[in-house]
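Trainee: I am sharing entry04.txt, which consists of compact mmCIF, C-alpha atoms:
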# COMPACT_ATOMS: atom_id res chain seq x y z
CA MET C 1 0.00 0.00 0.00
CA LYS C 2 1.13 3.54 -0.77
CA VAL C 3 0.13 6.43 1.47
CA PRO C 4 1.13 9.85 0.11
CA PHE C 5 1.96 12.63 2.50
CA LEU C 6 -0.61 14.80 0.76
CA ASP C 7 -2.84 14.31 -2.28
CA LEU C 8 -5.02 17.23 -3.35
CA ALA C 9 -6.46 15.49 -6.40
CA PRO C 10 -9.33 13.49 -4.78
CA GLN C 11 -10.82 16.58 -3.16
CA HIS C 12 -10.66 18.56 -6.37
CA ARG C 13 -12.06 15.74 -8.46
CA ALA C 14 -15.10 15.55 -6.19
CA LEU C 15 -15.75 19.30 -6.52
CA ARG C 16 -14.72 19.68 -10.16
CA ASP C 17 -18.10 20.28 -11.77
CA GLU C 18 -19.24 22.73 -9.11
CA ALA C 19 -15.90 24.54 -9.15
CA LEU C 20 -15.83 24.91 -12.92
CA ALA C 21 -19.41 26.19 -12.93
CA ALA C 22 -18.49 28.79 -10.30
CA LEU C 23 -15.46 29.87 -12.33
CA ALA C 24 -17.56 30.14 -15.47
CA ALA C 25 -20.09 32.35 -13.69
CA THR C 26 -17.34 34.62 -12.41
CA TYR C 27 -15.72 34.75 -15.84
CA ASP C 28 -18.97 35.58 -17.62
CA ALA C 29 -19.77 38.32 -15.11
CA THR C 30 -16.17 39.68 -15.32
CA ARG C 31 -15.92 39.80 -11.51
CA PHE C 32 -12.13 39.56 -11.47
CA CYS C 33 -10.87 41.74 -8.58
CA LEU C 34 -12.86 41.69 -5.33
CA GLY C 35 -16.55 41.92 -6.33
CA LYS C 36 -19.55 39.77 -5.48
CA ASP C 37 -17.76 36.40 -5.25
CA VAL C 38 -15.23 37.72 -2.77
CA GLU C 39 -17.92 39.57 -0.80
CA ASP C 40 -20.03 36.41 -0.64
CA PHE C 41 -17.04 34.46 0.62
CA GLU C 42 -16.17 37.08 3.22
CA ARG C 43 -19.70 36.97 4.64
CA ALA C 44 -19.88 33.18 4.57
CA PHE C 45 -16.44 32.75 6.12
CA ALA C 46 -17.24 35.17 8.94
CA SER C 47 -20.65 33.60 9.57
CA ALA C 48 -19.40 30.00 9.50
CA LEU C 49 -16.47 30.59 11.83
CA GLY C 50 -17.80 33.25 14.18
CA TYR C 51 -16.10 36.45 13.06
CA PRO C 52 -17.72 39.90 12.92
CA GLY C 53 -16.37 40.24 9.38
CA ALA C 54 -13.51 39.21 7.13
CA LEU C 55 -11.39 40.79 4.41
CA GLY C 56 -10.32 38.53 1.56
CA MET C 57 -6.73 39.06 0.44
CA ASN C 58 -4.44 37.84 -2.31
CA SER C 59 -2.22 35.54 -0.22
CA GLY C 60 -1.66 34.35 3.32
CA THR C 61 1.40 36.60 3.59
CA SER C 62 -0.54 39.75 2.71
CA PRO C 63 -2.73 39.91 5.86
CA LEU C 64 0.41 39.59 7.99
CA HIS C 65 1.90 42.52 6.08
CA VAL C 66 -1.34 44.49 6.41
CA ALA C 67 -1.53 43.79 10.15
CA CYS C 68 1.94 45.25 10.65
CA MET C 69 1.01 48.30 8.58
CA VAL C 70 -2.19 48.84 10.53
CA ALA C 71 -0.34 48.40 13.83
CA GLY C 72 2.00 51.21 12.80
CA PHE C 73 5.20 49.19 13.13
CA GLY C 74 8.22 50.76 11.48
CA PRO C 75 11.99 51.33 11.65
CA GLY C 76 13.32 51.10 15.19
CA ASP C 77 10.47 48.90 16.36
CA GLU C 78 10.79 45.26 17.40
CA VAL C 79 8.19 42.56 16.79
CA ILE C 80 8.54 39.23 18.56
CA VAL C 81 8.05 36.07 16.47
CA PRO C 82 8.59 32.37 17.26
CA PRO C 83 11.49 30.91 15.27
CA PHE C 84 9.75 27.60 14.49
CA THR C 85 7.19 28.55 11.85
CA PHE C 86 6.92 29.39 8.16
CA ILE C 87 9.01 32.42 7.31
CA ALA C 88 5.99 34.55 6.33
CA SER C 89 5.28 34.92 10.06
CA ALA C 90 8.33 37.22 10.20
CA TRP C 91 7.89 38.90 6.82
CA GLY C 92 5.25 41.42 7.88
CA ALA C 93 7.54 43.09 10.41
CA THR C 94 10.44 42.96 7.97
CA TYR C 95 8.43 44.52 5.13
CA VAL C 96 7.57 47.61 7.21
CA GLY C 97 11.14 48.11 8.38
CA ALA C 98 10.71 46.73 11.90
CA LYS C 99 13.07 44.16 13.38
CA PRO C 100 11.85 40.61 13.99
CA VAL C 101 13.03 39.41 17.38
CA PHE C 102 12.72 35.71 18.07
CA ALA C 103 11.51 34.02 21.24
CA ASP C 104 11.61 30.28 21.82
CA ILE C 105 8.72 27.84 21.69
CA GLU C 106 7.26 25.33 24.10
CA GLU C 107 8.41 21.77 23.53
CA ALA C 108 4.94 20.29 23.99
CA THR C 109 2.95 22.60 21.71
CA PHE C 110 5.53 23.95 19.20
CA ASN C 111 3.95 27.34 19.94
CA LEU C 112 5.38 30.53 21.44
CA ASP C 113 6.48 30.13 25.07
CA PRO C 114 4.88 32.93 27.15
CA ALA C 115 7.94 33.06 29.44
CA ALA C 116 10.25 33.42 26.44
CA LEU C 117 8.02 36.18 25.09
CA GLU C 118 8.33 38.11 28.35
CA ALA C 119 12.10 37.68 28.39
CA ALA C 120 12.46 38.98 24.82
CA ILE C 121 10.67 42.29 25.43
CA THR C 122 12.74 45.47 25.32
CA PRO C 123 11.76 49.17 25.34
CA ARG C 124 11.56 48.93 21.53
CA THR C 125 9.08 46.05 21.44
CA ARG C 126 5.81 47.05 19.80
CA GLY C 127 4.12 43.78 18.94
CA VAL C 128 4.09 40.02 18.80
CA VAL C 129 3.08 37.49 16.16
CA VAL C 130 1.49 34.44 17.78
CA VAL C 131 1.42 31.41 15.48
CA HIS C 132 -1.16 28.67 16.09
CA LEU C 133 1.19 26.12 14.58
CA PHE C 134 -0.04 22.93 12.94
CA GLY C 135 -3.61 23.94 13.88
CA LEU C 136 -3.10 23.96 17.67
CA PRO C 137 -4.06 27.17 19.50
CA ALA C 138 -1.26 28.78 21.48
CA ARG C 139 -1.59 29.53 25.20
CA MET C 140 -3.40 32.80 24.62
CA ASP C 141 -4.31 33.67 28.22
CA GLU C 142 -0.67 33.74 29.27
CA ILE C 143 0.49 35.42 26.05
CA LEU C 144 -2.19 38.11 26.22
CA ALA C 145 -1.37 38.81 29.87
CA VAL C 146 2.25 39.53 28.88
CA ALA C 147 1.14 41.60 25.89
CA ARG C 148 -1.23 43.73 27.98
CA ARG C 149 1.42 44.43 30.60
CA HIS C 150 3.69 45.82 27.89
CA GLY C 151 1.14 47.40 25.55
CA LEU C 152 1.89 45.11 22.60
CA PHE C 153 -0.19 44.79 19.44
CA VAL C 154 -0.99 41.06 19.08
CA ILE C 155 -1.19 39.48 15.63
CA GLU C 156 -2.50 35.91 15.49
CA ASP C 157 -1.11 33.94 12.58
CA CYS C 158 -3.96 31.48 11.97
CA ALA C 159 -2.70 30.26 8.59
CA GLN C 160 -2.84 26.64 9.77
CA ALA C 161 -5.67 26.98 12.27
CA VAL C 162 -8.86 27.82 10.39
CA GLY C 163 -11.73 26.58 12.54
CA ALA C 164 -9.71 26.25 15.75
CA THR C 165 -10.97 27.81 18.97
CA TYR C 166 -9.42 28.79 22.28
CA LYS C 167 -11.81 28.36 25.22
CA GLY C 168 -14.70 28.77 22.81
CA THR C 169 -13.36 31.85 21.00
CA PRO C 170 -12.27 31.50 17.37
CA VAL C 171 -8.54 32.02 16.92
CA GLY C 172 -7.93 35.41 15.37
CA LEU C 173 -10.32 37.21 17.72
CA LEU C 174 -8.21 36.96 20.86
CA GLY C 175 -5.54 39.44 19.85
CA ASP C 176 -5.78 42.62 17.80
CA ALA C 177 -5.66 41.08 14.32
CA GLY C 178 -6.02 37.59 12.89
CA THR C 179 -4.58 36.39 9.60
CA PHE C 180 -5.41 33.34 7.48
CA SER C 181 -3.98 31.56 4.46
CA PHE C 182 -5.89 29.72 1.74
CA TYR C 183 -2.79 28.33 0.05
CA PRO C 184 -3.82 25.07 -1.70
CA THR C 185 -2.35 22.80 1.00
CA LYS C 186 -4.19 24.47 3.87
CA ASN C 187 -7.27 22.98 5.58
CA LEU C 188 -9.36 25.41 3.53
CA GLY C 189 -7.21 25.67 0.42
CA GLY C 190 -7.96 27.64 -2.70
CA CYS C 191 -6.78 26.88 -6.21
CA GLY C 192 -3.93 29.35 -5.97
CA GLU C 193 -3.02 32.01 -3.44
CA GLY C 194 -5.44 33.61 -1.01
CA GLY C 195 -5.81 34.87 2.55
CA ALA C 196 -8.05 36.72 4.96
CA PHE C 197 -7.82 39.32 7.72
CA VAL C 198 -10.10 39.55 10.77
CA SER C 199 -10.21 41.69 13.89
CA ARG C 200 -12.37 42.11 16.98
CA ARG C 201 -11.56 45.85 16.82
CA PRO C 202 -13.67 47.79 14.27
CA GLU C 203 -11.03 50.49 13.85
CA VAL C 204 -8.38 47.89 13.00
CA GLU C 205 -10.66 46.20 10.46
CA SER C 206 -11.50 49.59 8.94
CA SER C 207 -7.82 50.51 8.57
CA ALA C 208 -7.05 47.11 7.03
CA ARG C 209 -9.88 47.58 4.53
CA LEU C 210 -8.28 50.87 3.41
CA VAL C 211 -4.77 49.42 3.27
CA ARG C 212 -6.01 46.50 1.15
CA VAL C 213 -6.93 48.78 -1.76
CA HIS C 214 -4.18 51.39 -2.04
CA GLY C 215 -5.42 53.34 0.96
CA MET C 216 -8.45 54.29 -1.09
CA GLY C 217 -11.87 54.82 0.48
CA GLN C 218 -13.45 56.84 -2.28
CA ARG C 219 -12.24 56.00 -5.78
CA TYR C 220 -9.01 57.85 -6.62
CA HIS C 221 -8.93 59.50 -3.18
CA HIS C 222 -6.14 57.93 -1.10
CA GLN C 223 -6.40 58.55 2.62
CA ILE C 224 -3.33 56.58 3.71
CA VAL C 225 -0.40 54.75 2.14
CA GLY C 226 -1.76 51.34 1.22
CA GLY C 227 -1.00 48.45 -1.06
CA ASN C 228 -2.66 46.07 -3.46
CA PHE C 229 -3.77 43.11 -1.37
CA ARG C 230 -7.08 42.33 -3.10
CA MET C 231 -8.40 38.79 -3.44
CA ASP C 232 -9.29 37.95 -7.03
CA GLY C 233 -12.80 36.90 -7.98
CA PHE C 234 -11.83 33.42 -9.13
CA GLN C 235 -10.38 32.55 -5.72
CA GLY C 236 -13.49 33.89 -4.01
CA ALA C 237 -15.68 31.76 -6.27
CA LEU C 238 -13.65 28.61 -5.60
CA LEU C 239 -13.52 29.20 -1.86
CA ASN C 240 -17.31 29.59 -1.87
CA VAL C 241 -17.50 26.07 -3.28
CA LYS C 242 -15.11 24.67 -0.69
CA LEU C 243 -16.17 26.48 2.49
CA PRO C 244 -19.35 24.40 3.11
CA HIS C 245 -17.15 21.29 3.35
CA LEU C 246 -14.71 22.69 5.91
CA GLY C 247 -16.64 21.30 8.89
CA SER C 248 -16.65 17.73 7.58
CA TRP C 249 -13.03 17.97 6.47
CA THR C 250 -12.02 19.16 9.93
CA ALA C 251 -13.98 16.35 11.58
CA ARG C 252 -12.19 13.83 9.38
CA ARG C 253 -8.78 15.30 10.24
CA ARG C 254 -9.63 15.00 13.92
CA ALA C 255 -10.76 11.40 13.45
CA ILE C 256 -7.48 10.54 11.74
CA ALA C 257 -5.57 12.28 14.52
CA ARG C 258 -7.45 10.27 17.16
CA ALA C 259 -6.54 7.06 15.36
CA TYR C 260 -2.89 8.08 15.36
CA LEU C 261 -2.96 9.19 18.99
CA GLU C 262 -4.61 5.96 20.10
CA GLY C 263 -2.64 3.66 17.82
CA ILE C 264 0.95 4.88 17.70
CA ARG C 265 3.05 3.26 20.40
CA LEU C 266 6.55 3.97 19.15
CA GLU C 267 9.08 4.21 21.97
CA GLY C 268 10.73 7.61 22.08
CA ALA C 269 8.08 9.34 19.98
CA ARG C 270 6.33 12.44 21.30
CA LEU C 271 2.84 12.81 19.84
CA PRO C 272 0.91 16.09 19.40
CA PHE C 273 -0.26 17.84 22.54
CA THR C 274 -4.00 17.71 23.31
CA PRO C 275 -4.85 20.72 25.51
CA ALA C 276 -7.85 21.25 27.76
CA TYR C 277 -8.23 24.85 26.50
CA GLY C 278 -9.02 24.00 22.89
CA GLU C 279 -8.82 21.45 20.12
CA SER C 280 -6.44 21.35 17.21
CA VAL C 281 -7.70 21.31 13.65
CA TYR C 282 -4.65 19.18 12.77
CA HIS C 283 -3.30 20.96 9.74
CA GLN C 284 -0.34 18.69 10.42
CA PHE C 285 0.15 15.64 12.62
CA THR C 286 3.73 16.23 13.69
CA ILE C 287 5.62 13.94 16.03
CA THR C 288 9.19 14.04 17.26
CA HIS C 289 11.66 11.20 17.52
CA PRO C 290 15.39 11.20 18.37
CA ARG C 291 16.06 9.07 15.27
CA ARG C 292 13.85 11.13 13.00
CA ASP C 293 15.84 10.64 9.79
CA ALA C 294 16.01 6.87 10.22
CA LEU C 295 12.28 6.79 10.95
CA ARG C 296 11.60 8.72 7.77
CA GLU C 297 13.69 6.30 5.71
CA HIS C 298 11.85 3.38 7.33
CA LEU C 299 8.46 4.85 6.45
CA ALA C 300 9.50 5.72 2.90
CA ALA C 301 10.62 2.13 2.35
CA ARG C 302 7.13 1.00 3.34
CA GLY C 303 5.38 3.47 1.06
CA VAL C 304 4.41 6.09 3.66
CA GLY C 305 5.03 9.68 2.68
CA THR C 306 6.24 12.16 5.30
CA ASP C 307 7.56 15.69 5.39
CA LEU C 308 10.11 17.60 7.43
CA ILE C 309 8.33 20.87 8.04
CA TYR C 310 10.61 23.74 9.11
CA PRO C 311 13.93 21.85 9.27
CA VAL C 312 15.77 25.19 9.63
CA PRO C 313 14.45 27.61 12.29
CA LEU C 314 14.02 31.22 11.23
CA HIS C 315 16.94 32.56 13.26
CA LEU C 316 19.29 30.27 11.32
CA GLN C 317 17.95 31.18 7.89
CA GLU C 318 20.40 32.99 5.61
CA CYS C 319 18.04 35.92 5.10
CA PHE C 320 18.19 36.71 8.83
CA ALA C 321 21.94 36.27 9.24
CA GLY C 322 22.19 40.00 9.92
CA LEU C 323 20.26 39.53 13.16
CA SER C 324 23.29 37.62 14.49
CA TYR C 325 21.55 34.77 16.27
CA PRO C 326 24.08 31.92 16.66
CA LYS C 327 23.11 28.28 16.72
CA GLY C 328 21.98 27.43 20.22
CA SER C 329 20.07 30.69 20.70
CA PHE C 330 16.70 28.93 20.80
CA PRO C 331 17.33 25.32 21.86
CA VAL C 332 13.70 24.17 21.93
CA ALA C 333 13.02 25.37 18.39
CA GLU C 334 16.29 23.89 17.17
CA LYS C 335 15.52 20.53 18.77
CA ALA C 336 12.07 20.54 17.15
CA ALA C 337 13.62 21.26 13.76
CA GLU C 338 16.03 18.36 14.19
CA THR C 339 13.55 15.78 15.48
CA CYS C 340 10.09 16.49 14.06
CA ILE C 341 8.43 14.54 11.27
CA SER C 342 4.93 15.04 9.91
CA LEU C 343 2.69 12.10 9.01
CA PRO C 344 -0.06 12.04 6.36
CA ILE C 345 -3.25 13.75 7.51
CA PHE C 346 -5.76 14.93 4.94
CA PRO C 347 -9.49 14.24 4.81
CA GLU C 348 -9.43 11.83 1.89
CA LEU C 349 -7.23 9.26 3.63
CA THR C 350 -9.04 5.97 4.10
CA ASP C 351 -9.23 4.11 7.39
CA GLU C 352 -7.09 1.39 5.80
CA GLN C 353 -4.39 3.91 4.92
CA VAL C 354 -4.47 5.38 8.42
CA GLY C 355 -4.13 1.93 9.95
CA PHE C 356 -1.25 1.18 7.59
CA VAL C 357 0.57 4.34 8.74
CA VAL C 358 0.10 3.36 12.40
CA GLU C 359 1.49 -0.13 11.75
CA ALA C 360 4.43 1.24 9.80
CA VAL C 361 5.35 3.70 12.53
CA ASN C 362 5.05 1.08 15.26
CA ALA C 363 7.24 -1.32 13.27
CA PHE C 364 10.21 1.03 13.48
CA GLY C 365 12.88 -0.34 15.77
Represent the structure of the file as structure tokens.
Mentor:
Amino acid sequence: MKVPFLDLAPQHRALRDEALAALAATYDATRFCLGKDVEDFERAFASALGYPGALGMNSGTSPLHVACMVAGFGPGDEVIVPPFTFIASAWGATYVGAKPVFADIEEATFNLDPAALEAAITPRTRGVVVVHLFGLPARMDEILAVARRHGLFVIEDCAQAVGATYKGTPVGLLGDAGTFSFYPTKNLGGCGEGGAFVSRRPEVESSARLVRVHGMGQRYHHQIVGGNFRMDGFQGALLNVKLPHLGSWTARRRAIARAYLEGIRLEGARLPFTPAYGESVYHQFTITHPRRDALREHLAARGVGTDLIYPVPLHLQECFAGLSYPKGSFPVAEKAAETCISLPIFPELTDEQVGFVVEAVNAFG
């Protein structure tokens, strides 16, 4: 049996006719930039997931950039970011001329350690990007307590956590701004790039709406310096087709995760954390093992696809060499990068495939 790490084709085959009809309608109506399809998606996304509103954008990186613009970050400011995440989490601060400052993660959750956040704050710190990595909400009570003490603007990077909640509140509404990605591999993936911005603060949402379209409220009247972060109509149309399935897809991911959690008995493996404060949406099912590379070779030989997600922490990336973080600066993140391995978890996996993965993992010796 072969079990791919990820296969997008079955999902898209099942939705092909509906998706092509939606694209044809958008094409015929020439609704190419923002427009009705994007507005329909924004309303449906907000309603389905519990947000007061949502702004569709042209990638998952764009709302992070917009959040940093709206927050007013700039040269001389510092923005704290965990080093174990996709690099876009640090791009927003970089794009506006602020300095990303890294703070280590918790071993159990892979998310920002509240104590490390507190220790990283200086008089120049203006904000923090909290990543809900792999779909698991971060410890927001502790993080928000630190942020409030120091007056920090809190950006929640929810790129991998669409549908996740923290103590009943949707992620993205706990801080000052929430950002989402609809990259094709995400739990709610488009057929190309896409993203969204949400906020519990009306003035933040209003500023982001202006920034999204060149700082333009009235046509050709530019109130602030903005950018071009508009979602295109085709992505809105496709996401409208996919959004109604998100609930069932999430339920299936959680069922697969339960099977892994209950079935994997590999000595030395640390399985994903299951907190009392919320439930992961399992964008990834990532485990750690001291012999990670050998485990990956073992699984590949048995036909099980895996991935090494974030094998190089951000502070050791070449693009951030100027920040002068030596190896050893963030030991928990570095250990995660050296020992983590992600197993297949997407809704179209069969029970037989899931069982095969469990057996293959447990057979490693």
Trainee: Name the residues in contact with Thr30 (chain C) at a cut-off of 10 Å, using all atoms listed in the file, excluding same-chain residues fewer than 4 positions from it; report them as a ChimeraX atom specification.
Mentor: /C:24-26,35,233-234
Trainee: Which is closer to Leu343 (chain C) than all the others in C:Arg201, C:Ala22, C:Ala145, C:Phe5, using all atoms listed in the file?
Mentor: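 With all atoms listed in the file as the atom set, the closest residue is C:Phe5.
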Trainee: Counting only C-alpha atoms, which residue out of C:Val225, C:Ile341, C:Leu266, C:Ala360 sits closest to Ala301 (chain C)?
Mentor: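 For Ala301 (chain C), the nearest of the given residues is C:Ala360.
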Trainee: Quick one: pull the distance between CA of Val357 (chain C) and CA of Val304 (chain C), Å, one decimal.
Mentor: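 The value is 6.6 Å.
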Trainee: Closest to Gln284 (chain C) among C:Ile309, C:Leu144, C:Met216, C:Cys33, using only C-alpha atoms?
Mentor: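 Among the listed residues, the smallest separation from Gln284 (chain C) belongs to C:Ile309.
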Trainee: At what distance in Å, to one decimal, does CA of Leu49 (chain C) lie from CA of Gly227 (chain C)?
Mentor: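 Distance reported for this atom pair: 26.9 Å.
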Trainee: Return as JSON lines the residues of region 37-110 of chain C lying at most 9 Å from region 160-184 of chain C, together with the closest atom-to-atom pair for each and the distance in Å to one decimal, counting all atoms listed in the file, with rows in chain order and ascending residue number.
Mentor:
{"residue": "C:Ala48", "atom": "CA", "partner": "C:Gly163", "partner_atom": "CA", "distance": 8.9}
{"residue": "C:Leu49", "atom": "CA", "partner": "C:Gly163", "partner_atom": "CA", "distance": 6.2}
{"residue": "C:Gly50", "atom": "CA", "partner": "C:Pro170", "partner_atom": "CA", "distance": 6.6}
{"residue": "C:Tyr51", "atom": "CA", "partner": "C:Leu173", "partner_atom": "CA", "distance": 7.5}
{"residue": "C:Met57", "atom": "CA", "partner": "C:Ser181", "partner_atom": "CA", "distance": 8.9}
{"residue": "C:Ser59", "atom": "CA", "partner": "C:Ser181", "partner_atom": "CA", "distance": 6.4}
{"residue": "C:Gly60", "atom": "CA", "partner": "C:Ser181", "partner_atom": "CA", "distance": 3.8}
{"residue": "C:Thr61", "atom": "CA", "partner": "C:Ser181", "partner_atom": "CA", "distance": 7.4}
{"residue": "C:Ser62", "atom": "CA", "partner": "C:Thr179", "partner_atom": "CA", "distance": 8.7}
{"residue": "C:Pro63", "atom": "CA", "partner": "C:Thr179", "partner_atom": "CA", "distance": 5.5}
{"residue": "C:Leu64", "atom": "CA", "partner": "C:Thr179", "partner_atom": "CA", "distance": 6.1}
{"residue": "C:Ala67", "atom": "CA", "partner": "C:Ala177", "partner_atom": "CA", "distance": 6.5}
{"residue": "C:Ala71", "atom": "CA", "partner": "C:Asp176", "partner_atom": "CA", "distance": 8.9}
Trainee: In Å to one decimal, how far is CA of Ile345 (chain C) from CA of Leu271 (chain C)?
Mentor: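 Going from CA of Leu271 (chain C) over to CA of Ile345 (chain C), I get 13.8 Å.
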Trainee: Which is closest to Asn362 (chain C) among C:Leu295, C:Ala336, C:Cys319, C:Ile105, if we use all atoms listed in the file?
Mentor: C:Leu295
Trainee: Would you list the contacts of Pro75 (chain C) as a VMD selection string, taking every protein, DNA or RNA residue within 8 Å and counting all atoms listed in the file, but skipping same-chain residues closer than 3 positions in sequence?
Mentor: chain C and resid 96 to 99
Trainee: Please, could you write that set of residues out with C-alpha atoms as a PDB file, in the frame of the given file?
Mentor:
ATOM      1  CA  VAL C  96       7.570  47.610   7.210  1.00  0.00           C
ATOM      2  CA  GLY C  97      11.140  48.110   8.380  1.00  0.00           C
ATOM      3  CA  ALA C  98      10.710  46.730  11.900  1.00  0.00           C
ATOM      4  CA  LYS C  99      13.070  44.160  13.380  1.00  0.00           C
TER       5      LYS C  99
END
Trainee: Could you check which of C:Leu55, C:Glu262, C:Asp28, C:Arg126 is closest to Arg209 (chain C), using only C-alpha atoms?
Mentor: C:Leu55
Trainee: Using 9 Å as the limit and counting all atoms listed in the file, can you tabulate each residue of region 261-318 of chain C that touches region 107-123 of chain C, with its shortest atom-to-atom distance in Å and the two atoms involved, as JSON lines?
Mentor:
{"residue": "C:Arg270", "atom": "CA", "partner": "C:Ala108", "partner_atom": "CA", "distance": 8.4}
{"residue": "C:Leu271", "atom": "CA", "partner": "C:Ala108", "partner_atom": "CA", "distance": 8.8}
{"residue": "C:Pro272", "atom": "CA", "partner": "C:Thr109", "partner_atom": "CA", "distance": 7.2}
{"residue": "C:Phe273", "atom": "CA", "partner": "C:Thr109", "partner_atom": "CA", "distance": 5.8}
{"residue": "C:Thr274", "atom": "CA", "partner": "C:Thr109", "partner_atom": "CA", "distance": 8.6}
{"residue": "C:Pro275", "atom": "CA", "partner": "C:Thr109", "partner_atom": "CA", "distance": 8.9}
Trainee: Neighbourhood query: residues within 10 Å of (-2.3, 16.6, -1.1), file coordinates, counting only C-alpha atoms; return as a list in words.
Mentor: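 Looking at atoms near the point gives Pro4, Phe5, Leu6, Asp7, Leu8, Ala9, Pro10, Gln11, Pro184, Thr185, Lys186, Pro344, Ile345, Phe346, Pro347 and Glu348 of chain C.
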Trainee: Would you please work out which residue, of C:Val361, C:Ile143, C:Val312, C:Val354, is nearest to Ala300 (chain C) when using all atoms listed in the file?
Mentor: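 For Ala300 (chain C), the nearest of the given residues is C:Val361.
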